[in-house]
Protein chains: 2
Amino acid sequence: MALIECVPNYSEGRDKAIIEKIESHFKDKEGIKLLDTAPDEDHNRTVITVVGEPEPLVEAVIASAKTAHEEIDMTKHQGEHPRMGATDVIPLTPVKDISMEECVELSKDIAKRLGEDLDIPVFMYEESATRKDRKNLAKVRKGEYEGVKKRINEEGEEPDYGPAKMHETAGATAVGARKPLVAYNVNLSTSDVDIAKKIAKNIRQRSGGLKNVKALGIYLDDRQVAQVTMNLVDVNQTPIYRVQELIKIEAARYGVYITDCEIVGLTPVEALIDVARYYLQLDGFDSEQVLENRLID
Amino acid sequence: MALIECVPNYSEGRDKAIIEKIESHFKDKEGIKLLDTAPDEDHNRTVITVVGEPEPLVEAVIASAKTAHEEIDMTKHQGEHPRMGATDVIPLTPVKDISMEECVELSKDIAKRLGEDLDIPVFMYEESATRKDRKNLAKVRKGEYEGVKKRINEEGEEPDYGPAKMHETAGATAVGARKPLVAYNVNLSTSDVDIAKKIAKNIRQRSGGLKNVKALGIYLDDRQVAQVTMNLVDVNQTPIYRVQELIKIEAARYGVYITDCEIVGLTPVEALIDVARYYLQLDGFDSEQVLENRLID
């Protein structure tokens, strides 16, 4: 049975009644499973994590976007997180028995319906992007609701689906298939944020490090330690152990070591299997040897 | 939903028709999933791996034991693996949402019905053992079919369920709940089996090493290397990484290192999560952060 993960983001993180209405489309529905609802008051944004079969999942996402469209007014929205629409972004990730290509097709189905049925301009991003400069969500959303609204009718700025005109209250939505992302943080035995920044620079793709690694050096006020905070955007190609070992190597030159790490949110089991394959030297280990992997239909 | 794993062993590894009849009780049944059927001609024994909900799993196991009882004649059985019954051993392991105590109760239900309905003497072992000297299956089965047949009516040798008399053709059965077992092999950068034997001795529980580790040093003819072959009988209490690191330490004194390792058959995902927790320093990692763990009902 094909399974995909969807992590839609909605521009409402304060009004519980609205959040519950949006969430209700994923609750107790045949063929889908709501894993998490995470509202954030500062961001004024709610992130839902849901896994399910393609068809019911697509229907639930469309229904939730309709509710967000009815309940959220982007002309009045304020929050710390960048945003351009009531349903701001809908990422789809293949989990089991489904290809990236099929997820791209599903993302197009969603985009088409949001455009036609709800009059929302939709931009395709990541694996679903129709142009190279739209792969990166940050670029698509640049200027946020206000900025996109201004330029959307200009040549080359048209959305992939829906009208070339911002929906006044619902804004615009980004839809795209993407690989599973692991949010990974490494804490260092120092409070010197400059060291974390240097390590981040040396290990990330952008500045000559590992492919598929986005990294920043930051300072954690509460713990008074420096942290390398990362998004690992393709753990199949660039597994966590390789990042971990490279950070150790880069940290050593400053006499710094790793004190502890964290994975934020969910990770696919395959990411941890790769860690075990490396450290236990299990080159021939097959994911089907994991009992739990055999229990998911 | 409660899930248990059952790995029943039957004393027939050659006659395909009989093996298929036994296997059929686990195929396409509501609430259970047949993961593997492994017949072995030399051992003349078939090992079935099945996972499912307690009630349908118990019914399938009983039905398969009835077939084994009808089709296998222990007076004519020959094979390399120790055995005492047509259905030789029925181990139950908790997988999800069920306690060891509940698995012990289920093992008693199975034992009672094998005794009453099929006239088979049944010995409870591992966590289900009623006496300390019956915890170890090897001790219970000592002397195999022929030996057990001789002593079963002696005082203190009576089975836990069923008649104190060997069933002529079906023999006796051992039933017990046990923790998940990981079969783990470590290959060394040497062909000197004595080094593997010394390492095995130093790391195993019996001779002063790690608790829950059974180990032997053997020589692999085909690869011409020495191997430490192990059963890790409680990977929650004694995780694989601790075994791996201790073997490295013991191997170092001989100038020997680990070339590669293997997990034979299935492993619970928790065993690999513990490996990632250690090497990635993820002390706070929760198993519920593994996406696939959230998909098993």
# chains A, B, ... in the order shown; residues from 1 in each chain; ligands from 1
>>> closest_atom_pairs(of="chain B", to="chain A", cutoff="8 Å", atoms="only C-alpha atoms", output="Markdown table")
| residue | atom | partner | partner_atom | distance |
| --- | --- | --- | --- | --- |
| B:Lys33 | CA | A:Leu295 | CA | 7.9 |
| B:Leu35 | CA | A:Arg294 | CA | 7.3 |
| B:Val51 | CA | A:Leu295 | CA | 8.0 |
| B:Tyr241 | CA | A:Leu280 | CA | 7.3 |
| B:Gln244 | CA | A:Leu280 | CA | 6.9 |
| B:Thr259 | CA | A:Gln281 | CA | 7.5 |
| B:Asp260 | CA | A:Gln281 | CA | 5.1 |
| B:Cys261 | CA | A:Leu282 | CA | 5.1 |
| B:Glu262 | CA | A:Leu282 | CA | 5.5 |
| B:Ile263 | CA | A:Phe285 | CA | 7.0 |
| B:Gly265 | CA | A:Gln289 | CA | 6.0 |
| B:Leu266 | CA | A:Gln289 | CA | 4.5 |
| B:Thr267 | CA | A:Val290 | CA | 5.2 |
| B:Pro268 | CA | A:Leu291 | CA | 5.3 |
| B:Val269 | CA | A:Val290 | CA | 5.7 |
| B:Leu272 | CA | A:Ala276 | CA | 6.1 |
| B:Ile273 | CA | A:Leu272 | CA | 6.6 |
| B:Val275 | CA | A:Ala276 | CA | 6.0 |
| B:Ala276 | CA | A:Val275 | CA | 6.0 |
| B:Tyr279 | CA | A:Tyr279 | CA | 7.4 |
| B:Leu280 | CA | A:Cys261 | CA | 6.7 |
| B:Gln281 | CA | A:Asp260 | CA | 5.1 |
| B:Leu282 | CA | A:Cys261 | CA | 5.1 |
| B:Asp283 | CA | A:Asp260 | CA | 7.3 |
| B:Gly284 | CA | A:Glu262 | CA | 7.1 |
| B:Phe285 | CA | A:Glu262 | CA | 6.9 |
| B:Glu288 | CA | A:Leu266 | CA | 8.0 |
| B:Gln289 | CA | A:Leu266 | CA | 4.5 |
| B:Val290 | CA | A:Thr267 | CA | 5.2 |
| B:Leu291 | CA | A:Pro268 | CA | 5.3 |
| B:Glu292 | CA | A:Val269 | CA | 6.3 |
| B:Asn293 | CA | A:Glu292 | CA | 7.1 |
| B:Arg294 | CA | A:Leu35 | CA | 7.4 |
| B:Leu295 | CA | A:Ile296 | CA | 6.4 |
| B:Ile296 | CA | A:Ile296 | CA | 5.7 |
>>> write_last_selection(atoms="N, CA and C atoms", output="mmCIF file, in the first residue's frame")
data_model
loop_
_atom_site.group_PDB
_atom_site.id
_atom_site.type_symbol
_atom_site.label_atom_id
_atom_site.label_comp_id
_atom_site.auth_asym_id
_atom_site.auth_seq_id
_atom_site.Cartn_x
_atom_site.Cartn_y
_atom_site.Cartn_z
ATOM 1 N N LYS B 33 0.403 -11.963 10.176
ATOM 2 C CA LYS B 33 1.217 -11.755 8.978
ATOM 3 C C LYS B 33 2.400 -12.722 9.015
ATOM 4 N N LEU B 35 5.875 -13.711 8.072
ATOM 5 C CA LEU B 35 7.033 -12.950 7.603
ATOM 6 C C LEU B 35 8.063 -13.828 6.911
ATOM 7 N N VAL B 51 3.929 -12.590 12.775
ATOM 8 C CA VAL B 51 3.590 -11.525 13.715
ATOM 9 C C VAL B 51 2.089 -11.310 13.650
ATOM 10 N N TYR B 241 25.727 -1.734 20.547
ATOM 11 C CA TYR B 241 26.922 -0.895 20.494
ATOM 12 C C TYR B 241 27.903 -1.252 21.606
ATOM 13 N N GLN B 244 29.772 -4.292 20.529
ATOM 14 C CA GLN B 244 30.688 -3.928 19.438
ATOM 15 C C GLN B 244 31.942 -3.249 19.994
ATOM 16 N N THR B 259 36.384 -6.468 10.751
ATOM 17 C CA THR B 259 36.295 -6.154 9.313
ATOM 18 C C THR B 259 34.859 -5.881 8.891
ATOM 19 N N ASP B 260 33.924 -6.668 9.417
ATOM 20 C CA ASP B 260 32.511 -6.476 9.067
ATOM 21 C C ASP B 260 31.650 -7.299 10.013
ATOM 22 N N CYS B 261 30.375 -6.968 10.059
ATOM 23 C CA CYS B 261 29.466 -7.639 10.984
ATOM 24 C C CYS B 261 28.159 -7.970 10.279
ATOM 25 N N GLU B 262 27.356 -8.806 10.914
ATOM 26 C CA GLU B 262 26.033 -9.080 10.346
ATOM 27 C C GLU B 262 25.021 -9.347 11.452
ATOM 28 N N ILE B 263 23.809 -8.882 11.185
ATOM 29 C CA ILE B 263 22.664 -9.276 11.991
ATOM 30 C C ILE B 263 21.954 -10.350 11.189
ATOM 31 N N GLY B 265 18.821 -12.530 10.294
ATOM 32 C CA GLY B 265 17.373 -12.501 10.465
ATOM 33 C C GLY B 265 16.882 -11.150 10.932
ATOM 34 N N LEU B 266 15.824 -11.166 11.719
ATOM 35 C CA LEU B 266 15.139 -9.916 12.073
ATOM 36 C C LEU B 266 15.690 -9.289 13.349
ATOM 37 N N THR B 267 15.530 -7.980 13.430
ATOM 38 C CA THR B 267 15.857 -7.261 14.663
ATOM 39 C C THR B 267 14.740 -6.272 14.958
ATOM 40 N N PRO B 268 14.414 -6.084 16.219
ATOM 41 C CA PRO B 268 13.465 -5.003 16.528
ATOM 42 C C PRO B 268 14.130 -3.654 16.261
ATOM 43 N N VAL B 269 13.363 -2.712 15.776
ATOM 44 C CA VAL B 269 13.920 -1.399 15.421
ATOM 45 C C VAL B 269 14.566 -0.742 16.638
ATOM 46 N N LEU B 272 18.291 -0.896 16.869
ATOM 47 C CA LEU B 272 19.046 0.024 16.014
ATOM 48 C C LEU B 272 18.941 1.460 16.513
ATOM 49 N N ILE B 273 17.803 1.799 17.090
ATOM 50 C CA ILE B 273 17.640 3.141 17.672
ATOM 51 C C ILE B 273 18.663 3.348 18.790
ATOM 52 N N VAL B 275 21.569 2.034 18.983
ATOM 53 C CA VAL B 275 22.874 2.233 18.327
ATOM 54 C C VAL B 275 23.021 3.694 17.899
ATOM 55 N N ALA B 276 21.965 4.235 17.276
ATOM 56 C CA ALA B 276 22.000 5.639 16.844
ATOM 57 C C ALA B 276 22.075 6.571 18.051
ATOM 58 N N TYR B 279 25.917 6.464 19.191
ATOM 59 C CA TYR B 279 26.946 7.038 18.313
ATOM 60 C C TYR B 279 26.632 8.469 17.908
ATOM 61 N N LEU B 280 25.350 8.808 17.809
ATOM 62 C CA LEU B 280 24.993 10.199 17.470
ATOM 63 C C LEU B 280 24.759 11.036 18.734
ATOM 64 N N GLN B 281 24.965 10.454 19.888
ATOM 65 C CA GLN B 281 24.825 11.176 21.161
ATOM 66 C C GLN B 281 23.432 11.793 21.324
ATOM 67 N N LEU B 282 22.430 10.968 20.998
ATOM 68 C CA LEU B 282 21.036 11.435 20.997
ATOM 69 C C LEU B 282 20.308 10.983 22.253
ATOM 70 N N ASP B 283 20.813 11.394 23.400
ATOM 71 C CA ASP B 283 20.274 10.865 24.639
ATOM 72 C C ASP B 283 18.760 11.044 24.770
ATOM 73 N N GLY B 284 18.251 12.156 24.260
ATOM 74 C CA GLY B 284 16.831 12.438 24.444
ATOM 75 C C GLY B 284 15.933 11.908 23.347
ATOM 76 N N PHE B 285 16.478 11.105 22.439
ATOM 77 C CA PHE B 285 15.679 10.644 21.298
ATOM 78 C C PHE B 285 14.590 9.672 21.747
ATOM 79 N N GLU B 288 9.236 7.259 19.389
ATOM 80 C CA GLU B 288 8.066 7.760 18.672
ATOM 81 C C GLU B 288 8.437 8.806 17.617
ATOM 82 N N GLN B 289 9.711 9.232 17.609
ATOM 83 C CA GLN B 289 10.171 10.143 16.558
ATOM 84 C C GLN B 289 10.485 9.403 15.256
ATOM 85 N N VAL B 290 10.469 8.071 15.330
ATOM 86 C CA VAL B 290 10.669 7.295 14.099
ATOM 87 C C VAL B 290 9.319 7.181 13.392
ATOM 88 N N LEU B 291 9.256 7.775 12.215
ATOM 89 C CA LEU B 291 8.007 7.844 11.461
ATOM 90 C C LEU B 291 7.319 6.483 11.372
ATOM 91 N N GLU B 292 8.079 5.460 10.989
ATOM 92 C CA GLU B 292 7.493 4.140 10.770
ATOM 93 C C GLU B 292 6.886 3.552 12.054
ATOM 94 N N ASN B 293 7.458 3.907 13.194
ATOM 95 C CA ASN B 293 6.889 3.416 14.459
ATOM 96 C C ASN B 293 5.485 3.951 14.686
ATOM 97 N N ARG B 294 5.149 5.058 14.008
ATOM 98 C CA ARG B 294 3.839 5.682 14.191
ATOM 99 C C ARG B 294 2.797 5.101 13.239
ATOM 100 N N LEU B 295 3.268 4.246 12.338
ATOM 101 C CA LEU B 295 2.365 3.749 11.300
ATOM 102 C C LEU B 295 1.837 2.358 11.590
ATOM 103 N N ILE B 296 2.348 1.729 12.660
ATOM 104 C CA ILE B 296 1.920 0.380 12.997
ATOM 105 C C ILE B 296 0.746 0.460 13.959
#
>>> select_by_dssp(residues="region 110-271 of chain B", states="helix (DSSP H, G or I)", output="mmCIF file with N, CA, C and O atoms, in the first residue's frame")
data_model
loop_
_atom_site.group_PDB
_atom_site.id
_atom_site.type_symbol
_atom_site.label_atom_id
_atom_site.label_comp_id
_atom_site.auth_asym_id
_atom_site.auth_seq_id
_atom_site.Cartn_x
_atom_site.Cartn_y
_atom_site.Cartn_z
ATOM 1 N N ILE B 110 -1.669 -21.666 25.164
ATOM 2 C CA ILE B 110 -1.246 -22.564 24.084
ATOM 3 C C ILE B 110 -0.855 -23.929 24.657
ATOM 4 O O ILE B 110 -1.286 -24.982 24.170
ATOM 5 N N ALA B 111 -0.051 -23.912 25.708
ATOM 6 C CA ALA B 111 0.441 -25.155 26.306
ATOM 7 C C ALA B 111 -0.716 -26.031 26.789
ATOM 8 O O ALA B 111 -0.748 -27.241 26.562
ATOM 9 N N LYS B 112 -1.674 -25.366 27.450
ATOM 10 C CA LYS B 112 -2.824 -26.091 27.988
ATOM 11 C C LYS B 112 -3.585 -26.792 26.862
ATOM 12 O O LYS B 112 -3.943 -27.978 26.973
ATOM 13 N N ARG B 113 -3.806 -26.087 25.782
ATOM 14 C CA ARG B 113 -4.589 -26.671 24.674
ATOM 15 C C ARG B 113 -3.809 -27.760 23.939
ATOM 16 O O ARG B 113 -4.392 -28.756 23.508
ATOM 17 N N LEU B 114 -2.503 -27.598 23.801
ATOM 18 C CA LEU B 114 -1.707 -28.667 23.180
ATOM 19 C C LEU B 114 -1.794 -29.937 24.028
ATOM 20 O O LEU B 114 -1.897 -31.047 23.504
ATOM 21 N N GLY B 115 -1.761 -29.740 25.335
ATOM 22 C CA GLY B 115 -1.833 -30.892 26.246
ATOM 23 C C GLY B 115 -3.199 -31.540 26.213
ATOM 24 O O GLY B 115 -3.316 -32.766 26.037
ATOM 25 N N GLU B 116 -4.245 -30.728 26.344
ATOM 26 C CA GLU B 116 -5.597 -31.285 26.460
ATOM 27 C C GLU B 116 -6.137 -31.798 25.128
ATOM 28 O O GLU B 116 -6.727 -32.879 25.066
ATOM 29 N N ASP B 117 -5.963 -31.024 24.074
ATOM 30 C CA ASP B 117 -6.586 -31.376 22.788
ATOM 31 C C ASP B 117 -5.759 -32.368 21.974
ATOM 32 O O ASP B 117 -6.301 -33.162 21.215
ATOM 33 N N LEU B 118 -4.412 -32.275 22.125
ATOM 34 C CA LEU B 118 -3.567 -33.115 21.256
ATOM 35 C C LEU B 118 -2.749 -34.144 22.039
ATOM 36 O O LEU B 118 -1.908 -34.837 21.448
ATOM 37 N N GLU B 126 12.010 -20.364 29.246
ATOM 38 C CA GLU B 126 12.321 -18.919 29.304
ATOM 39 C C GLU B 126 11.425 -18.199 30.318
ATOM 40 O O GLU B 126 11.267 -18.690 31.416
ATOM 41 N N GLU B 127 10.823 -17.081 29.936
ATOM 42 C CA GLU B 127 10.046 -16.285 30.896
ATOM 43 C C GLU B 127 8.836 -17.042 31.419
ATOM 44 O O GLU B 127 8.275 -16.695 32.459
ATOM 45 N N SER B 128 8.409 -18.079 30.700
ATOM 46 C CA SER B 128 7.239 -18.857 31.120
ATOM 47 C C SER B 128 7.609 -20.021 32.030
ATOM 48 O O SER B 128 6.720 -20.713 32.527
ATOM 49 N N LYS B 132 13.329 -22.834 37.794
ATOM 50 C CA LYS B 132 14.550 -22.193 37.302
ATOM 51 C C LYS B 132 15.311 -23.074 36.307
ATOM 52 O O LYS B 132 15.846 -22.583 35.310
ATOM 53 N N ASP B 133 15.340 -24.371 36.565
ATOM 54 C CA ASP B 133 16.116 -25.269 35.703
ATOM 55 C C ASP B 133 15.427 -25.530 34.357
ATOM 56 O O ASP B 133 15.942 -26.269 33.529
ATOM 57 N N ARG B 134 14.256 -24.945 34.167
ATOM 58 C CA ARG B 134 13.600 -25.094 32.861
ATOM 59 C C ARG B 134 13.623 -23.808 32.026
ATOM 60 O O ARG B 134 13.048 -23.750 30.952
ATOM 61 N N LEU B 137 16.152 -23.623 27.252
ATOM 62 C CA LEU B 137 15.579 -24.630 26.350
ATOM 63 C C LEU B 137 16.496 -25.838 26.189
ATOM 64 O O LEU B 137 16.032 -26.988 26.159
ATOM 65 N N ALA B 138 17.813 -25.607 26.088
ATOM 66 C CA ALA B 138 18.752 -26.722 25.889
ATOM 67 C C ALA B 138 18.643 -27.744 27.019
ATOM 68 O O ALA B 138 18.734 -28.953 26.796
ATOM 69 N N LYS B 139 18.429 -27.234 28.236
ATOM 70 C CA LYS B 139 18.289 -28.157 29.372
ATOM 71 C C LYS B 139 16.983 -28.940 29.299
ATOM 72 O O LYS B 139 16.935 -30.144 29.572
ATOM 73 N N VAL B 140 15.915 -28.247 28.943
ATOM 74 C CA VAL B 140 14.599 -28.892 28.832
ATOM 75 C C VAL B 140 14.655 -30.016 27.792
ATOM 76 O O VAL B 140 14.110 -31.098 27.993
ATOM 77 N N GLU B 144 17.161 -34.986 23.732
ATOM 78 C CA GLU B 144 16.220 -34.879 22.600
ATOM 79 C C GLU B 144 14.999 -35.809 22.770
ATOM 80 O O GLU B 144 14.688 -36.223 23.878
ATOM 81 N N TYR B 145 14.321 -36.068 21.692
ATOM 82 C CA TYR B 145 13.099 -36.889 21.708
ATOM 83 C C TYR B 145 13.319 -38.179 22.507
ATOM 84 O O TYR B 145 12.565 -38.508 23.423
ATOM 85 N N GLU B 146 14.403 -38.871 22.168
ATOM 86 C CA GLU B 146 14.666 -40.170 22.777
ATOM 87 C C GLU B 146 14.920 -40.052 24.276
ATOM 88 O O GLU B 146 14.399 -40.858 25.068
ATOM 89 N N GLY B 147 15.704 -39.064 24.662
ATOM 90 C CA GLY B 147 16.049 -38.886 26.077
ATOM 91 C C GLY B 147 14.857 -38.435 26.906
ATOM 92 O O GLY B 147 14.618 -38.954 28.016
ATOM 93 N N VAL B 148 14.103 -37.478 26.379
ATOM 94 C CA VAL B 148 12.936 -36.974 27.105
ATOM 95 C C VAL B 148 11.914 -38.100 27.278
ATOM 96 O O VAL B 148 11.299 -38.254 28.340
ATOM 97 N N LYS B 149 11.740 -38.916 26.228
ATOM 98 C CA LYS B 149 10.797 -40.043 26.251
ATOM 99 C C LYS B 149 11.091 -40.974 27.416
ATOM 100 O O LYS B 149 10.192 -41.434 28.114
ATOM 101 N N LYS B 150 12.385 -41.213 27.646
ATOM 102 C CA LYS B 150 12.801 -42.142 28.710
ATOM 103 C C LYS B 150 12.483 -41.618 30.097
ATOM 104 O O LYS B 150 12.041 -42.365 30.970
ATOM 105 N N ARG B 151 12.728 -40.306 30.300
ATOM 106 C CA ARG B 151 12.665 -39.808 31.688
ATOM 107 C C ARG B 151 11.368 -39.093 32.048
ATOM 108 O O ARG B 151 11.162 -38.740 33.211
ATOM 109 N N VAL B 193 41.422 -18.777 14.759
ATOM 110 C CA VAL B 193 40.174 -18.977 15.509
ATOM 111 C C VAL B 193 40.394 -18.860 17.020
ATOM 112 O O VAL B 193 39.473 -18.537 17.775
ATOM 113 N N ASP B 194 41.629 -19.103 17.474
ATOM 114 C CA ASP B 194 41.904 -18.991 18.910
ATOM 115 C C ASP B 194 41.669 -17.564 19.412
ATOM 116 O O ASP B 194 41.227 -17.363 20.542
ATOM 117 N N ILE B 195 41.973 -16.601 18.561
ATOM 118 C CA ILE B 195 41.736 -15.203 18.950
ATOM 119 C C ILE B 195 40.227 -14.960 19.082
ATOM 120 O O ILE B 195 39.768 -14.347 20.051
ATOM 121 N N ALA B 196 39.451 -15.472 18.131
ATOM 122 C CA ALA B 196 37.989 -15.320 18.215
ATOM 123 C C ALA B 196 37.465 -15.993 19.481
ATOM 124 O O ALA B 196 36.577 -15.464 20.160
ATOM 125 N N LYS B 197 38.024 -17.138 19.815
ATOM 126 C CA LYS B 197 37.587 -17.851 21.028
ATOM 127 C C LYS B 197 37.914 -17.065 22.296
ATOM 128 O O LYS B 197 37.112 -17.005 23.223
ATOM 129 N N LYS B 198 39.106 -16.483 22.311
ATOM 130 C CA LYS B 198 39.500 -15.696 23.494
ATOM 131 C C LYS B 198 38.603 -14.462 23.638
ATOM 132 O O LYS B 198 38.185 -14.114 24.744
ATOM 133 N N ILE B 199 38.344 -13.793 22.518
ATOM 134 C CA ILE B 199 37.471 -12.614 22.571
ATOM 135 C C ILE B 199 36.073 -13.018 23.040
ATOM 136 O O ILE B 199 35.495 -12.392 23.935
ATOM 137 N N ALA B 200 35.541 -14.094 22.465
ATOM 138 C CA ALA B 200 34.205 -14.579 22.847
ATOM 139 C C ALA B 200 34.146 -14.822 24.355
ATOM 140 O O ALA B 200 33.193 -14.431 25.032
ATOM 141 N N LYS B 201 35.189 -15.461 24.865
ATOM 142 C CA LYS B 201 35.235 -15.787 26.293
ATOM 143 C C LYS B 201 35.214 -14.503 27.135
ATOM 144 O O LYS B 201 34.546 -14.440 28.175
ATOM 145 N N ASN B 202 35.935 -13.500 26.696
ATOM 146 C CA ASN B 202 36.056 -12.271 27.487
ATOM 147 C C ASN B 202 34.824 -11.379 27.444
ATOM 148 O O ASN B 202 34.631 -10.551 28.328
ATOM 149 N N ILE B 203 34.024 -11.515 26.411
ATOM 150 C CA ILE B 203 32.891 -10.585 26.306
ATOM 151 C C ILE B 203 31.558 -11.204 26.729
ATOM 152 O O ILE B 203 30.579 -10.500 26.892
ATOM 153 N N GLN B 205 28.648 -13.284 29.021
ATOM 154 C CA GLN B 205 28.220 -13.308 30.416
ATOM 155 C C GLN B 205 28.817 -14.463 31.202
ATOM 156 O O GLN B 205 29.377 -14.279 32.286
ATOM 157 N N ARG B 206 28.759 -15.644 30.615
ATOM 158 C CA ARG B 206 29.158 -16.877 31.301
ATOM 159 C C ARG B 206 30.554 -16.801 31.910
ATOM 160 O O ARG B 206 30.810 -17.335 32.984
ATOM 161 N N SER B 207 31.471 -16.117 31.192
ATOM 162 C CA SER B 207 32.854 -16.125 31.678
ATOM 163 C C SER B 207 33.338 -14.731 32.077
ATOM 164 O O SER B 207 34.514 -14.413 31.945
ATOM 165 N N ILE B 240 23.574 -3.399 21.316
ATOM 166 C CA ILE B 240 24.592 -3.914 20.394
ATOM 167 C C ILE B 240 25.859 -3.074 20.434
ATOM 168 O O ILE B 240 26.956 -3.600 20.353
ATOM 169 N N TYR B 241 25.727 -1.734 20.547
ATOM 170 C CA TYR B 241 26.922 -0.895 20.494
ATOM 171 C C TYR B 241 27.903 -1.252 21.606
ATOM 172 O O TYR B 241 29.120 -1.176 21.424
ATOM 173 N N ARG B 242 27.379 -1.644 22.776
ATOM 174 C CA ARG B 242 28.261 -1.950 23.904
ATOM 175 C C ARG B 242 29.064 -3.217 23.614
ATOM 176 O O ARG B 242 30.250 -3.318 23.963
ATOM 177 N N VAL B 243 28.415 -4.164 22.966
ATOM 178 C CA VAL B 243 29.082 -5.405 22.566
ATOM 179 C C VAL B 243 30.161 -5.092 21.524
ATOM 180 O O VAL B 243 31.305 -5.539 21.629
ATOM 181 N N GLN B 244 29.772 -4.292 20.529
ATOM 182 C CA GLN B 244 30.688 -3.928 19.438
ATOM 183 C C GLN B 244 31.942 -3.249 19.994
ATOM 184 O O GLN B 244 33.066 -3.611 19.657
ATOM 185 N N GLU B 245 31.758 -2.276 20.866
ATOM 186 C CA GLU B 245 32.893 -1.518 21.391
ATOM 187 C C GLU B 245 33.772 -2.385 22.290
ATOM 188 O O GLU B 245 34.997 -2.245 22.293
ATOM 189 N N LEU B 246 33.140 -3.296 23.037
ATOM 190 C CA LEU B 246 33.943 -4.174 23.898
ATOM 191 C C LEU B 246 34.756 -5.158 23.053
ATOM 192 O O LEU B 246 35.912 -5.461 23.385
ATOM 193 N N ILE B 247 34.184 -5.631 21.963
ATOM 194 C CA ILE B 247 34.942 -6.527 21.076
ATOM 195 C C ILE B 247 36.139 -5.783 20.482
ATOM 196 O O ILE B 247 37.242 -6.314 20.412
ATOM 197 N N LYS B 248 35.927 -4.520 20.094
ATOM 198 C CA LYS B 248 37.050 -3.714 19.576
ATOM 199 C C LYS B 248 38.179 -3.645 20.598
ATOM 200 O O LYS B 248 39.351 -3.795 20.265
ATOM 201 N N ILE B 249 37.803 -3.406 21.846
ATOM 202 C CA ILE B 249 38.792 -3.270 22.916
ATOM 203 C C ILE B 249 39.540 -4.579 23.132
ATOM 204 O O ILE B 249 40.760 -4.605 23.270
ATOM 205 N N GLU B 250 38.802 -5.682 23.152
ATOM 206 C CA GLU B 250 39.450 -6.981 23.374
ATOM 207 C C GLU B 250 40.283 -7.400 22.159
ATOM 208 O O GLU B 250 41.317 -8.060 22.303
ATOM 209 N N ALA B 251 39.844 -7.021 20.961
ATOM 210 C CA ALA B 251 40.563 -7.403 19.740
ATOM 211 C C ALA B 251 41.889 -6.645 19.634
ATOM 212 O O ALA B 251 42.880 -7.171 19.117
ATOM 213 N N ALA B 252 41.901 -5.419 20.164
ATOM 214 C CA ALA B 252 43.076 -4.552 20.018
ATOM 215 C C ALA B 252 44.334 -5.179 20.619
ATOM 216 O O ALA B 252 45.441 -4.997 20.115
ATOM 217 N N VAL B 269 13.363 -2.712 15.776
ATOM 218 C CA VAL B 269 13.920 -1.399 15.421
ATOM 219 C C VAL B 269 14.566 -0.742 16.638
ATOM 220 O O VAL B 269 15.547 -0.004 16.523
ATOM 221 N N GLU B 270 14.059 -1.016 17.823
ATOM 222 C CA GLU B 270 14.590 -0.409 19.043
ATOM 223 C C GLU B 270 16.083 -0.707 19.212
ATOM 224 O O GLU B 270 16.834 0.137 19.719
ATOM 225 N N ALA B 271 16.510 -1.888 18.753
ATOM 226 C CA ALA B 271 17.934 -2.248 18.866
ATOM 227 C C ALA B 271 18.794 -1.303 18.030
ATOM 228 O O ALA B 271 19.896 -0.932 18.438
#
>>> residues_around(residues="Thr238 (chain B)", least_positions_apart="3", cutoff="7 Å", atoms="only C-alpha atoms", output="compact mmCIF listing (two decimals) with C-alpha atoms, in the first residue's frame")
# COMPACT_ATOMS: atom_id res chain seq x y z
CA LYS B 211 25.27 -9.74 30.68
CA ASN B 212 22.81 -11.09 28.08
CA ASP B 234 18.27 -8.73 25.80
CA VAL B 235 19.28 -5.82 23.57
CA ARG B 242 28.26 -1.95 23.90
>>> atom_distance(atom1="CA of Arg14 (chain A)", atom2="CA of Asp42 (chain A)")
8.6 Å
>>> select_by_dssp(residues="region 68-160 of chain B", states="strand (DSSP E)", output="NGL selection string")
:B and (87-96 or 122-124)
>>> closest_residue(among="B:Ile19, B:Ala60, B:Ala170, B:Leu188", to="Thr229 (chain B)", atoms="only C-alpha atoms")
B:Leu188
>>> atom_distance(atom1="CA of Thr37 (chain A)", atom2="CA of Tyr278 (chain B)")
29.3 Å
>>> closest_residue(among="A:Ile90, A:Ala63, A:Met100, A:Met230", to="Tyr184 (chain A)", atoms="only C-alpha atoms")
A:Met230
